[in-house]
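Shown next: protein-v4.cif, containing mmCIF, C-alpha atoms.
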```cif
data_input
#
loop_
_atom_site.label_atom_id
_atom_site.label_comp_id
_atom_site.auth_asym_id
_atom_site.auth_seq_id
_atom_site.Cartn_x
_atom_site.Cartn_y
_atom_site.Cartn_z
CA MET A 1062 0.00 0.00 0.00
CA LEU A 1063 1.22 3.47 -0.85
CA ASP A 1064 1.81 6.13 1.77
CA ILE A 1065 -1.06 8.65 1.77
CA ASN A 1066 1.54 11.33 2.52
CA LEU A 1067 3.23 10.55 -0.80
CA ILE A 1068 -0.07 10.87 -2.64
CA ARG A 1069 -0.87 14.11 -0.82
CA ASP A 1070 2.58 15.71 -1.22
CA ASP A 1071 3.50 14.52 -4.72
CA SER A 1072 0.35 13.49 -6.53
CA GLN A 1073 1.92 14.00 -9.96
CA PHE A 1074 4.66 11.48 -9.15
CA VAL A 1075 2.00 8.90 -8.31
CA LYS A 1076 0.01 9.75 -11.42
CA ASP A 1077 3.14 9.36 -13.57
CA ALA A 1078 3.71 5.94 -11.99
CA LEU A 1079 0.18 4.83 -12.85
CA ILE A 1080 0.62 6.09 -16.41
CA LYS A 1081 3.73 3.92 -16.68
CA ARG A 1082 1.54 1.00 -15.67
CA ASN A 1083 -1.02 2.00 -18.34
CA MET A 1084 -3.61 2.80 -15.68
CA GLU A 1085 -6.09 5.64 -15.17
CA THR A 1086 -4.98 8.38 -12.79
CA ILE A 1087 -8.38 9.57 -11.60
CA VAL A 1088 -8.01 7.44 -8.46
CA VAL A 1089 -5.28 9.82 -7.26
CA ASP A 1090 -7.67 12.79 -7.38
CA GLU A 1091 -10.33 10.73 -5.60
CA LEU A 1092 -7.87 9.80 -2.86
CA ILE A 1093 -6.82 13.41 -2.39
CA GLU A 1094 -10.44 14.50 -2.15
CA LEU A 1095 -11.22 11.83 0.44
CA ASP A 1096 -8.10 12.74 2.38
CA VAL A 1097 -9.16 16.40 2.45
CA HIS A 1098 -12.62 15.41 3.73
CA ARG A 1099 -11.06 13.19 6.39
CA ARG A 1100 -8.69 15.87 7.62
CA ASN A 1101 -11.44 18.51 7.65
CA PHE A 1102 -13.68 16.23 9.70
CA LEU A 1103 -10.82 15.44 12.07
CA GLN A 1104 -10.00 19.12 12.50
CA GLU A 1105 -13.64 19.91 13.24
CA VAL A 1106 -13.82 17.06 15.74
CA GLU A 1107 -10.66 18.20 17.50
CA THR A 1108 -11.99 21.77 17.70
CA LEU A 1109 -15.29 20.59 19.19
CA LYS A 1110 -13.54 18.29 21.66
CA ALA A 1111 -11.29 21.15 22.75
CA ASP A 1112 -14.38 23.36 23.26
CA ARG A 1113 -16.08 20.59 25.19
CA ASN A 1114 -13.06 20.17 27.48
CA ARG A 1115 -12.92 23.92 28.05
CA VAL A 1116 -16.64 24.17 28.83
CA SER A 1117 -16.45 21.10 31.07
CA LYS A 1118 -13.87 22.88 33.20
CA GLU A 1119 -16.10 25.97 33.31
CA ILE A 1120 -19.04 23.81 34.42
CA ALA A 1121 -16.95 22.32 37.19
CA LYS A 1122 -16.03 25.79 38.46
CA SER A 1123 -19.44 27.41 38.01
CA LYS A 1124 -21.64 27.89 41.05
CA ASP A 1125 -24.64 29.16 39.08
CA GLN A 1126 -26.99 26.18 38.70
CA SER A 1127 -28.92 27.60 35.74
CA GLU A 1128 -25.69 28.46 33.95
CA ARG A 1129 -24.37 24.93 34.62
CA GLU A 1130 -27.51 23.32 33.25
CA GLU A 1131 -27.46 25.53 30.17
CA LYS A 1132 -23.85 24.62 29.42
CA ILE A 1133 -24.46 20.92 30.11
CA ALA A 1134 -27.36 20.97 27.64
CA SER A 1135 -25.25 22.72 25.01
CA MET A 1136 -22.48 20.15 25.51
CA ARG A 1137 -24.96 17.33 24.90
CA VAL A 1138 -25.60 18.87 21.48
CA VAL A 1139 -21.85 19.18 20.92
CA GLY A 1140 -21.39 15.56 22.00
CA ASP A 1141 -24.01 14.41 19.50
CA HIS A 1142 -22.27 16.41 16.79
CA ILE A 1143 -18.90 14.89 17.72
CA ALA A 1144 -20.40 11.40 17.52
CA GLU A 1145 -21.85 12.23 14.11
CA LEU A 1146 -18.49 13.52 12.89
CA ASP A 1147 -16.69 10.48 14.31
CA ASN A 1148 -18.99 8.29 12.21
CA LYS A 1149 -18.22 10.39 9.15
CA VAL A 1150 -14.49 10.07 9.85
CA ARG A 1151 -14.82 6.28 10.06
CA GLU A 1152 -16.83 6.17 6.83
CA VAL A 1153 -14.32 8.31 4.96
CA GLU A 1154 -11.37 6.36 6.37
CA THR A 1155 -12.99 3.11 5.22
CA GLN A 1156 -13.51 4.56 1.73
CA LEU A 1157 -9.96 5.87 1.73
CA SER A 1158 -8.53 2.52 2.85
CA ASP A 1159 -10.56 0.57 0.28
CA LEU A 1160 -9.52 2.89 -2.52
CA ILE A 1161 -5.83 3.13 -1.67
CA SER A 1162 -5.67 -0.67 -1.24
CA GLY A 1163 -6.37 -0.99 -4.95
CA VAL A 1164 -3.51 1.27 -6.05
CA PRO A 1165 -0.42 -0.70 -7.18
CA ASN A 1166 3.17 -0.11 -6.14
CA ILE A 1167 5.39 2.55 -7.73
CA PRO A 1168 7.67 0.98 -10.37
CA ASP A 1169 11.38 1.25 -9.61
CA GLU A 1170 13.45 3.55 -11.81
CA ILE A 1171 15.24 0.50 -13.23
CA THR A 1172 11.99 -1.09 -14.40
CA PRO A 1173 11.78 -0.63 -18.19
CA LEU A 1174 8.80 1.17 -19.69
CA GLY A 1175 6.45 -1.00 -21.71
CA LYS A 1176 2.79 -1.53 -22.49
CA ASP A 1177 2.57 -5.30 -21.86
CA GLU A 1178 4.54 -8.58 -21.71
CA SER A 1179 5.61 -8.18 -25.34
CA GLU A 1180 7.92 -5.39 -24.19
CA ASN A 1181 9.63 -7.28 -21.37
CA VAL A 1182 13.41 -7.30 -21.69
CA VAL A 1183 15.48 -10.46 -22.05
CA ILE A 1184 18.56 -9.90 -19.87
CA ARG A 1185 20.42 -13.09 -20.74
CA THR A 1186 19.96 -16.66 -21.94
CA VAL A 1187 21.96 -19.48 -20.35
CA GLY A 1188 22.47 -22.98 -21.71
CA GLU A 1189 21.81 -24.59 -25.05
CA ILE A 1190 18.33 -25.55 -26.17
CA PRO A 1191 18.53 -29.35 -26.42
CA LYS A 1192 18.59 -30.95 -29.85
CA PHE A 1193 17.09 -34.38 -30.44
CA ASP A 1194 17.50 -36.92 -33.25
CA PHE A 1195 13.82 -37.70 -32.76
CA GLU A 1196 10.67 -35.61 -32.39
CA PRO A 1197 10.44 -34.75 -28.66
CA LYS A 1198 7.13 -35.52 -27.00
CA THR A 1199 5.05 -33.25 -24.81
CA HIS A 1200 4.55 -34.03 -21.13
CA TRP A 1201 0.85 -34.64 -21.73
CA ASP A 1202 1.80 -37.51 -24.04
CA MET A 1203 4.80 -38.78 -22.05
CA GLY A 1204 3.16 -38.60 -18.62
CA PRO A 1205 0.25 -40.96 -19.31
CA ALA A 1206 2.41 -43.29 -21.42
CA LEU A 1207 4.86 -43.79 -18.52
CA GLY A 1208 2.12 -43.90 -15.88
CA LEU A 1209 3.35 -40.65 -14.31
CA ILE A 1210 0.33 -38.39 -14.91
CA ASN A 1211 -3.33 -39.34 -14.92
CA PHE A 1212 -5.61 -36.60 -16.16
CA GLU A 1213 -8.79 -38.67 -16.09
CA GLN A 1214 -8.45 -39.44 -12.38
CA GLY A 1215 -7.95 -35.77 -11.58
CA VAL A 1216 -11.15 -34.88 -13.41
CA LYS A 1217 -12.93 -37.83 -11.81
CA ILE A 1218 -12.18 -36.90 -8.20
CA THR A 1219 -12.24 -33.09 -8.54
CA GLY A 1220 -12.77 -31.62 -12.01
CA SER A 1221 -11.03 -30.00 -14.94
CA ARG A 1222 -7.52 -28.62 -14.44
CA PHE A 1223 -6.72 -31.26 -11.83
CA TYR A 1224 -4.56 -34.36 -12.26
CA VAL A 1225 -2.94 -37.18 -10.30
CA LEU A 1226 0.80 -37.94 -10.23
CA SER A 1227 1.73 -41.57 -9.70
CA GLY A 1228 4.83 -43.62 -8.87
CA ALA A 1229 8.01 -42.07 -10.20
CA GLY A 1230 6.04 -38.99 -11.28
CA ALA A 1231 4.93 -38.27 -7.72
CA ARG A 1232 8.43 -39.07 -6.46
CA LEU A 1233 10.06 -36.75 -9.01
CA GLN A 1234 7.77 -33.92 -7.91
CA ARG A 1235 8.63 -34.59 -4.25
CA ALA A 1236 12.34 -34.80 -5.08
CA LEU A 1237 12.22 -31.40 -6.76
CA ILE A 1238 10.57 -29.85 -3.71
CA ALA A 1239 13.09 -31.41 -1.30
CA TYR A 1240 16.01 -30.42 -3.53
CA MET A 1241 14.84 -26.81 -3.68
CA LEU A 1242 14.28 -26.51 0.07
CA ASP A 1243 17.63 -28.06 0.94
CA LEU A 1244 19.43 -25.83 -1.56
CA HIS A 1245 17.77 -22.69 -0.22
CA ILE A 1246 18.75 -23.66 3.32
CA LYS A 1247 22.37 -23.85 2.13
CA GLN A 1248 21.90 -20.44 0.51
CA GLY A 1249 21.03 -18.96 3.90
CA TYR A 1250 17.25 -19.25 4.20
CA LEU A 1251 15.42 -20.63 7.25
CA GLU A 1252 12.81 -23.21 6.32
CA LYS A 1253 9.27 -22.61 7.53
CA TYR A 1254 6.29 -24.94 7.40
CA THR A 1255 3.24 -22.69 7.49
CA PRO A 1256 -0.54 -23.22 7.45
CA PHE A 1257 -2.05 -23.66 4.03
CA MET A 1258 -5.05 -21.60 5.15
CA VAL A 1259 -4.92 -18.03 6.46
CA LYS A 1260 -7.25 -15.32 7.69
CA ALA A 1261 -8.29 -12.34 5.62
CA ASP A 1262 -5.99 -9.95 7.52
CA THR A 1263 -2.99 -11.99 6.39
CA LEU A 1264 -4.05 -11.84 2.76
CA TYR A 1265 -4.60 -8.09 3.06
CA ALA A 1266 -1.14 -7.67 4.57
CA ALA A 1267 0.42 -9.52 1.64
CA GLY A 1268 -1.44 -7.39 -0.92
CA GLN A 1269 -3.82 -10.14 -2.08
CA LEU A 1270 -7.02 -8.63 -0.70
CA PRO A 1271 -9.08 -6.91 -1.86
CA LYS A 1272 -7.41 -6.77 -5.30
CA PHE A 1273 -7.38 -10.50 -6.07
CA ILE A 1274 -10.48 -11.67 -4.22
CA ASP A 1275 -11.93 -13.31 -7.34
CA ASN A 1276 -8.85 -15.54 -7.65
CA LEU A 1277 -8.92 -16.86 -4.07
CA TYR A 1278 -10.62 -19.89 -2.54
CA HIS A 1279 -12.56 -19.03 0.61
CA ASP A 1280 -14.14 -21.16 3.32
CA ILE A 1281 -17.04 -18.90 4.29
CA GLU A 1282 -18.09 -20.80 7.41
CA GLU A 1283 -14.70 -20.58 9.16
CA ASP A 1284 -13.55 -17.49 7.22
CA TYR A 1285 -10.31 -19.20 6.19
CA TRP A 1286 -8.66 -18.60 2.83
CA MET A 1287 -6.52 -21.10 0.93
CA VAL A 1288 -3.06 -19.68 0.26
CA PRO A 1289 -2.34 -18.61 -3.34
CA THR A 1290 1.40 -18.67 -2.54
CA ALA A 1291 3.66 -19.15 0.50
CA GLU A 1292 4.46 -15.45 0.19
CA VAL A 1293 1.20 -14.81 2.06
CA PRO A 1294 1.84 -16.73 5.32
CA LEU A 1295 5.52 -15.73 5.26
CA THR A 1296 4.49 -12.07 5.17
CA GLY A 1297 2.09 -12.78 8.02
CA LEU A 1298 4.80 -14.20 10.28
CA HIS A 1299 5.85 -10.68 11.24
CA MET A 1300 2.60 -8.73 10.99
CA ASN A 1301 2.58 -5.90 13.56
CA ASP A 1302 6.13 -6.79 14.65
CA PHE A 1303 9.10 -4.61 15.50
CA ILE A 1304 12.31 -6.22 14.27
CA GLY A 1305 15.72 -5.23 15.60
CA GLU A 1306 17.95 -3.63 12.98
CA ASP A 1307 20.64 -6.19 13.79
CA GLU A 1308 18.18 -9.01 12.95
CA LEU A 1309 17.91 -7.92 9.30
CA PRO A 1310 17.93 -9.44 6.80
CA ILE A 1311 15.57 -12.28 7.73
CA ARG A 1312 15.41 -14.90 4.98
CA TYR A 1313 12.77 -17.63 4.85
CA THR A 1314 11.92 -20.47 2.50
CA ALA A 1315 8.76 -22.55 2.51
CA TYR A 1316 6.88 -25.10 0.49
CA THR A 1317 3.11 -24.88 0.07
CA PRO A 1318 0.53 -26.08 -2.36
CA CYS A 1319 -1.00 -22.99 -3.96
CA PHE A 1320 -4.69 -22.53 -4.73
CA ARG A 1321 -5.92 -20.04 -7.32
CA ARG A 1322 -9.05 -19.62 -9.38
CA GLU A 1323 -7.16 -19.42 -12.65
CA LYS A 1324 -9.04 -17.44 -15.27
CA MET A 1325 -8.16 -19.51 -18.30
CA SER A 1326 -7.97 -17.75 -21.61
CA ALA A 1327 -9.71 -19.63 -24.38
CA GLY A 1328 -7.20 -21.77 -26.23
CA ARG A 1329 -4.29 -20.88 -23.92
CA ASP A 1330 -2.52 -23.58 -21.88
CA VAL A 1331 -5.52 -25.87 -22.26
CA ARG A 1332 -3.42 -29.05 -22.45
CA GLY A 1333 -1.19 -30.60 -19.85
CA ILE A 1334 -0.36 -29.32 -16.39
CA LYS A 1335 1.10 -25.87 -17.10
CA ARG A 1336 -1.83 -24.06 -15.53
CA GLY A 1337 -4.23 -25.27 -12.86
CA HIS A 1338 -6.18 -24.37 -9.75
CA GLN A 1339 -3.74 -26.23 -7.46
CA PHE A 1340 0.02 -26.41 -7.83
CA ASP A 1341 3.13 -26.77 -5.68
CA LYS A 1342 5.73 -24.07 -5.16
CA VAL A 1343 8.80 -23.41 -3.05
CA GLU A 1344 9.09 -19.78 -2.03
CA MET A 1345 11.94 -17.53 -0.92
CA TYR A 1346 11.08 -14.48 1.18
CA ILE A 1347 13.25 -11.74 2.69
CA PHE A 1348 12.64 -8.99 5.23
CA SER A 1349 15.36 -6.44 4.49
CA HIS A 1350 16.74 -3.14 5.67
CA PRO A 1351 15.61 -0.53 3.09
CA ASP A 1352 19.21 0.35 2.24
CA GLU A 1353 19.99 -3.29 1.46
CA SER A 1354 16.92 -4.44 -0.46
CA ASN A 1355 18.44 -3.99 -3.92
CA LYS A 1356 21.40 -6.12 -2.87
CA GLU A 1357 19.01 -8.71 -1.45
CA LEU A 1358 17.16 -8.72 -4.78
CA GLU A 1359 20.41 -9.58 -6.54
CA LYS A 1360 21.00 -12.41 -4.06
CA MET A 1361 17.50 -13.82 -4.44
CA LEU A 1362 17.74 -13.75 -8.23
CA ALA A 1363 21.13 -15.48 -8.08
CA ASP A 1364 19.70 -18.12 -5.70
CA ALA A 1365 16.75 -18.83 -7.98
CA GLU A 1366 19.08 -18.94 -10.98
CA GLU A 1367 21.33 -21.45 -9.23
CA THR A 1368 18.29 -23.65 -8.57
CA VAL A 1369 17.61 -23.85 -12.30
CA LYS A 1370 21.26 -24.11 -13.31
CA LEU A 1371 21.95 -27.14 -11.10
CA LEU A 1372 19.02 -28.93 -12.74
CA GLY A 1373 20.80 -28.50 -16.06
CA LEU A 1374 17.88 -26.70 -17.69
CA PRO A 1375 18.36 -24.01 -20.36
CA TYR A 1376 16.85 -20.78 -19.08
CA ARG A 1377 16.60 -17.07 -19.63
CA ILE A 1378 16.25 -14.07 -17.31
CA ILE A 1379 13.60 -11.51 -18.21
CA GLN A 1380 12.99 -8.14 -16.61
CA LEU A 1381 9.33 -7.22 -16.58
CA CYS A 1382 8.32 -3.86 -18.01
CA THR A 1383 5.96 -1.45 -16.25
CA GLY A 1384 2.95 -2.72 -18.18
CA ASP A 1385 3.48 -6.31 -17.02
CA LEU A 1386 4.67 -5.60 -13.48
CA GLY A 1387 2.74 -7.30 -10.67
CA PHE A 1388 0.52 -5.32 -8.32
CA ASN A 1389 2.91 -5.44 -5.33
CA ALA A 1390 6.22 -5.17 -7.15
CA ARG A 1391 8.62 -2.31 -7.81
CA VAL A 1392 10.92 -4.43 -9.95
CA THR A 1393 10.60 -8.05 -11.10
CA TYR A 1394 12.80 -10.58 -12.86
CA ASP A 1395 11.29 -13.77 -14.28
CA ILE A 1396 13.22 -16.97 -14.94
CA GLU A 1397 11.89 -19.03 -17.82
CA VAL A 1398 13.04 -22.54 -18.73
CA TRP A 1399 12.88 -24.09 -22.16
CA SER A 1400 10.39 -26.91 -22.59
CA ALA A 1401 11.46 -29.15 -25.44
CA GLY A 1402 8.13 -30.90 -26.07
CA CYS A 1403 5.91 -27.83 -25.79
CA LYS A 1404 8.58 -25.85 -27.64
CA GLU A 1405 8.15 -22.76 -25.50
CA TRP A 1406 9.63 -20.87 -22.56
CA LEU A 1407 7.87 -21.52 -19.27
CA GLU A 1408 8.08 -19.19 -16.28
CA VAL A 1409 9.28 -21.06 -13.19
CA SER A 1410 10.33 -18.15 -11.00
CA SER A 1411 9.37 -14.55 -10.44
CA VAL A 1412 11.69 -12.54 -8.16
CA SER A 1413 10.52 -9.15 -6.91
CA ASN A 1414 11.53 -6.28 -4.67
CA VAL A 1415 8.32 -4.98 -3.11
CA GLY A 1416 9.91 -2.15 -1.12
CA ASP A 1417 7.78 -1.06 1.86
CA PHE A 1418 4.48 -1.74 0.03
CA GLN A 1419 3.60 -4.91 1.97
CA ALA A 1420 5.26 -3.76 5.19
CA ARG A 1421 2.97 -0.73 5.35
CA ARG A 1422 -0.11 -2.92 5.00
CA ALA A 1423 1.26 -5.48 7.48
CA ASN A 1424 2.73 -2.89 9.88
CA ILE A 1425 6.18 -4.48 9.93
CA LYS A 1426 8.89 -2.16 11.18
CA TYR A 1427 12.46 -2.33 12.41
CA ARG A 1428 13.99 -0.43 15.30
CA PRO A 1429 17.15 1.40 14.22
CA ASP A 1430 20.15 0.76 16.46
CA ASP A 1431 20.34 4.46 17.25
CA LYS A 1432 16.86 4.20 18.84
CA SER A 1433 15.41 6.67 16.34
CA LYS A 1434 11.86 6.39 15.02
CA PRO A 1435 10.89 2.87 13.84
CA GLN A 1436 10.96 2.46 10.06
CA LEU A 1437 9.17 0.13 7.64
CA VAL A 1438 11.20 -2.82 6.41
CA HIS A 1439 11.41 -3.81 2.75
CA THR A 1440 10.15 -7.22 1.63
CA LEU A 1441 11.19 -9.38 -1.31
CA ASN A 1442 9.77 -12.60 -2.67
CA GLY A 1443 10.75 -15.13 -5.28
CA SER A 1444 9.74 -18.56 -6.52
CA GLY A 1445 12.42 -21.09 -5.96
CA LEU A 1446 10.94 -22.76 -8.01
CA GLY A 1447 7.34 -23.12 -9.13
CA LEU A 1448 5.92 -26.51 -10.00
CA PRO A 1449 4.62 -28.13 -12.13
CA ARG A 1450 6.42 -26.19 -14.87
CA THR A 1451 9.81 -27.22 -13.51
CA LEU A 1452 8.58 -30.82 -13.59
CA ILE A 1453 7.46 -30.32 -17.21
CA ALA A 1454 10.88 -28.98 -18.22
CA VAL A 1455 12.70 -31.90 -16.55
CA MET A 1456 10.45 -34.45 -18.22
CA GLU A 1457 10.59 -32.92 -21.68
CA ASN A 1458 14.27 -31.89 -21.78
CA TYR A 1459 15.58 -35.15 -20.32
CA GLN A 1460 13.47 -37.48 -22.47
CA GLN A 1461 15.12 -40.22 -24.50
CA ALA A 1462 14.31 -41.74 -27.88
CA ASP A 1463 12.86 -44.87 -26.25
CA GLY A 1464 10.37 -42.78 -24.27
CA SER A 1465 12.26 -42.92 -20.96
CA ILE A 1466 13.35 -39.93 -18.85
CA VAL A 1467 16.81 -39.44 -17.36
CA VAL A 1468 16.61 -38.11 -13.80
CA PRO A 1469 18.93 -35.10 -13.32
CA GLU A 1470 21.87 -36.09 -11.14
CA VAL A 1471 21.16 -33.38 -8.57
CA LEU A 1472 17.84 -35.11 -7.77
CA HIS A 1473 19.28 -38.60 -7.21
CA PRO A 1474 19.50 -38.31 -3.40
CA TRP A 1475 15.69 -38.09 -3.20
CA MET A 1476 14.77 -40.62 -5.90
CA GLY A 1477 15.47 -43.84 -4.00
CA GLY A 1478 17.85 -45.21 -6.62
CA ILE A 1479 15.71 -44.27 -9.62
CA ASP A 1480 17.95 -42.58 -12.19
CA LEU A 1481 15.93 -43.52 -15.28
CA ILE A 1482 12.13 -43.42 -15.48
CA ARG A 1483 10.63 -45.87 -18.00
#
```

Kindly return the structure encoded in the file as C-alpha cells.
Amino acid sequence: MLDINLIRDDSQFVKDALIKRNMETIVVDELIELDVHRRNFLQEVETLKADRNRVSKEIAKSKDQSEREEKIASMRVVGDHIAELDNKVREVETQLSDLISGVPNIPDEITPLGKDESENVVIRTVGEIPKFDFEPKTHWDMGPALGLINFEQGVKITGSRFYVLSGAGARLQRALIAYMLDLHIKQGYLEKYTPFMVKADTLYAAGQLPKFIDNLYHDIEEDYWMVPTAEVPLTGLHMNDFIGEDELPIRYTAYTPCFRREKMSAGRDVRGIKRGHQFDKVEMYIFSHPDESNKELEKMLADAEETVKLLGLPYRIIQLCTGDLGFNARVTYDIEVWSAGCKEWLEVSSVSNVGDFQARRANIKYRPDDKSKPQLVHTLNGSGLGLPRTLIAVMENYQQADGSIVVPEVLHPWMGGIDLIR
C-alpha cells in the first residue's frame, strides 16, 4: 500500500507511476479529495472536543446552577455532533482505505517502460536448447504413457484442471521440492512450514485482498482462505512486529501447495499441467533493511538462478516492463526454462523487490540501532521454483528416444535409486 503522505505531497509522481503501468490516474484525485474530507472532519472534531473540554472545566467551576444546566445541555448537542463527525471520519477512512488498497506499487526507476509482456526485456539466456535426433514428445503424451500423470483421475475426483501424479512422477515432484528446500537452506534461508489456510488480515497484509479476491478460494463458514502462494503466510509471520535492525535481513523459504481460481484464456494452456487451480511451489522471502533491499534482490535472483542451473535446464532471465509488473512489485525478474516438447519458454520463478508496500499494510517495522523512530522494512519474494512447470521442463528436456526420462543427477539423493524413469 502506498503512503497517503506521498499521494498528498506529490500526486503528480504517483500519477506518472500509474501512467507507466497503463492505468487511469483519476483514483489519485479521488484519494486526495477523500483525504481532504477526512482531515477537515478530524480538525472539526478536534476543535469541538477542545471546546467541550474547556466548557467542562467551566461547568466544574461554576456555582450558578442555571448556567451549569445551560452549558451541560449545550455540551450534549456538541457531543451528539462529535459522535456524528466520528462516524463520518470512520466512513471516509474506510472509503480511503478501500480505494488506496487498490492502487499498485510505484515501479522502480530501473523497471523498463512498456505496455505489456511483449515489451519485457530479455537480460540473458543461459544454456543450449537441447537438440534431439527424434521428435520430442510433450509431457501430456509422455506422462500418461509412462504412468506418471493421470488426467482422467484428476477430473474424476475433482474436475477439470486437476490431475494425479503416480509412482516415479509423484516421487520426481517430491524430489524437486526437497532439492529446492535443501538448496535454499544452504543459501542462507530458514525453512518454515506454514498453514495452508490463512485469515483475511494476512491476505490483506500480503497485498492479495481486496485486489485478487476473485482468484482466491474461501471457506465462508470458518472465514479461512486457501493460500495462493507461501508469500502470504511468510508475510504474516511478522505482521505488527518490531524487528531489531541487527536481525535484518531475515530470509525464509517454505513449500506450500497454492490454490488459485485461474481465469483460463480460451485456447491458452488448455493441455497438460502448465496451468491449474492447485500447484506446488517453493518460495523464498526476505525482510530487508531498506538500504539493502536492492542487494538482497540480486541475491535472491542469483539463488533462484542457481536452482535452475543445477538442474541442467536451459533458461533465460527476463525483466518485466511497467505494463506487465505485478501489483505489489517495484521491480521483477522472471526466470523461464525451455520446454522441449511444448517448444516454449515456461516461467518457473518470479523474483521481486516490493519495497515497503507490503510492510505498510502489514505494519512491519524495524527499530534502528540508534533508537530513532521505527521504520518500515522492505520485503522481497521469489519462486524457488514453481511446479509443475519445472517438472514439465525436466520431463521434456531429459526425455530419451525410447520414451524414458533421465533423472537429473542433482535429484538422485531423493529418488530412491531411480535414475531412469521408463

>> Please expand the PyMOL selection byres ((chain A and resi 1156) around 12) into the concrete residues it hits in this file, giving the result as a list in words.
In response: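 When the PyMOL selection byres ((chain A and resi 1156) around 12) is applied, the selected residues are Val1088, Glu1091, Leu1092, Ile1093, Glu1094, Leu1095, Asp1096, His1098, Arg1099, Lys1149, Val1150, Arg1151, Glu1152, Val1153, Glu1154, Thr1155, Leu1157, Ser1158, Asp1159, Leu1160, Ile1161, Ser1162 and Gly1163 of chain A.
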
Please build the interface table for region 1254-1325 of chain A against region 1350-1370 of chain A with a cut-off of 12 Å, listing for each qualifying residue the nearest atom pair and the distance in Å to one decimal; count only C-alpha atoms, order rows by chain and increasing number, and write it as a Markdown table.
```
| residue | atom | partner | partner_atom | distance |
| --- | --- | --- | --- | --- |
| A:Ile1304 | CA | A:His1350 | CA | 10.2 |
| A:Gly1305 | CA | A:His1350 | CA | 10.2 |
| A:Glu1306 | CA | A:His1350 | CA | 7.4 |
| A:Asp1307 | CA | A:His1350 | CA | 9.5 |
| A:Glu1308 | CA | A:His1350 | CA | 9.5 |
| A:Leu1309 | CA | A:His1350 | CA | 6.1 |
| A:Pro1310 | CA | A:His1350 | CA | 6.5 |
| A:Ile1311 | CA | A:His1350 | CA | 9.4 |
| A:Arg1312 | CA | A:Glu1357 | CA | 9.6 |
| A:Tyr1313 | CA | A:Met1361 | CA | 11.1 |
| A:Thr1314 | CA | A:Met1361 | CA | 11.1 |
```

> Please, what distance in Å, to one decimal, runs between CA of Phe1418 (chain A) and CA of Asn1389 (chain A)?
Replying inline: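 Atom-to-atom, CA of Phe1418 (chain A) to CA of Asn1389 (chain A), that is 6.7 Å.
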
Residue IDs satisfying the PyMOL selection byres ((chain A and resi 1263) around 10), as a PDB file with C-alpha atoms, in the coordinates of the input:
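Written file, expr.pdb:
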```
ATOM      1  CA  MET A1258      -5.050 -21.600   5.150  1.00  0.00           C
ATOM      2  CA  VAL A1259      -4.920 -18.030   6.460  1.00  0.00           C
ATOM      3  CA  LYS A1260      -7.250 -15.320   7.690  1.00  0.00           C
ATOM      4  CA  ALA A1261      -8.290 -12.340   5.620  1.00  0.00           C
ATOM      5  CA  ASP A1262      -5.990  -9.950   7.520  1.00  0.00           C
ATOM      6  CA  LEU A1264      -4.050 -11.840   2.760  1.00  0.00           C
ATOM      7  CA  TYR A1265      -4.600  -8.090   3.060  1.00  0.00           C
ATOM      8  CA  ALA A1266      -1.140  -7.670   4.570  1.00  0.00           C
ATOM      9  CA  ALA A1267       0.420  -9.520   1.640  1.00  0.00           C
ATOM     10  CA  GLY A1268      -1.440  -7.390  -0.920  1.00  0.00           C
ATOM     11  CA  GLN A1269      -3.820 -10.140  -2.080  1.00  0.00           C
ATOM     12  CA  LEU A1270      -7.020  -8.630  -0.700  1.00  0.00           C
ATOM     13  CA  TRP A1286      -8.660 -18.600   2.830  1.00  0.00           C
ATOM     14  CA  VAL A1288      -3.060 -19.680   0.260  1.00  0.00           C
ATOM     15  CA  VAL A1293       1.200 -14.810   2.060  1.00  0.00           C
ATOM     16  CA  PRO A1294       1.840 -16.730   5.320  1.00  0.00           C
ATOM     17  CA  LEU A1295       5.520 -15.730   5.260  1.00  0.00           C
ATOM     18  CA  THR A1296       4.490 -12.070   5.170  1.00  0.00           C
ATOM     19  CA  GLY A1297       2.090 -12.780   8.020  1.00  0.00           C
ATOM     20  CA  LEU A1298       4.800 -14.200  10.280  1.00  0.00           C
ATOM     21  CA  MET A1300       2.600  -8.730  10.990  1.00  0.00           C
ATOM     22  CA  ARG A1422      -0.110  -2.920   5.000  1.00  0.00           C
ATOM     23  CA  ALA A1423       1.260  -5.480   7.480  1.00  0.00           C
TER      24      ALA A1423
END
```

> How far is it from CA of Ser1400 (chain A) to CA of Ala1229 (chain A), in Å with one decimal?
Replying inline: 19.7 Å

Residue by residue, what does the PyMOL selection byres ((chain A and resi 1206) around 12) grab here? Present the result as a PDB file with C-alpha atoms, keeping the file's coordinate frame.
```
ATOM      1  CA  LYS A1198       7.130 -35.520 -27.000  1.00  0.00           C
ATOM      2  CA  THR A1199       5.050 -33.250 -24.810  1.00  0.00           C
ATOM      3  CA  HIS A1200       4.550 -34.030 -21.130  1.00  0.00           C
ATOM      4  CA  TRP A1201       0.850 -34.640 -21.730  1.00  0.00           C
ATOM      5  CA  ASP A1202       1.800 -37.510 -24.040  1.00  0.00           C
ATOM      6  CA  MET A1203       4.800 -38.780 -22.050  1.00  0.00           C
ATOM      7  CA  GLY A1204       3.160 -38.600 -18.620  1.00  0.00           C
ATOM      8  CA  PRO A1205       0.250 -40.960 -19.310  1.00  0.00           C
ATOM      9  CA  LEU A1207       4.860 -43.790 -18.520  1.00  0.00           C
ATOM     10  CA  GLY A1208       2.120 -43.900 -15.880  1.00  0.00           C
ATOM     11  CA  LEU A1209       3.350 -40.650 -14.310  1.00  0.00           C
ATOM     12  CA  ILE A1210       0.330 -38.390 -14.910  1.00  0.00           C
ATOM     13  CA  ASN A1211      -3.330 -39.340 -14.920  1.00  0.00           C
ATOM     14  CA  PHE A1212      -5.610 -36.600 -16.160  1.00  0.00           C
ATOM     15  CA  SER A1227       1.730 -41.570  -9.700  1.00  0.00           C
ATOM     16  CA  GLY A1230       6.040 -38.990 -11.280  1.00  0.00           C
ATOM     17  CA  ASP A1463      12.860 -44.870 -26.250  1.00  0.00           C
ATOM     18  CA  GLY A1464      10.370 -42.780 -24.270  1.00  0.00           C
ATOM     19  CA  SER A1465      12.260 -42.920 -20.960  1.00  0.00           C
ATOM     20  CA  ILE A1466      13.350 -39.930 -18.850  1.00  0.00           C
ATOM     21  CA  ILE A1482      12.130 -43.420 -15.480  1.00  0.00           C
ATOM     22  CA  ARG A1483      10.630 -45.870 -18.000  1.00  0.00           C
TER      23      ARG A1483
END
```
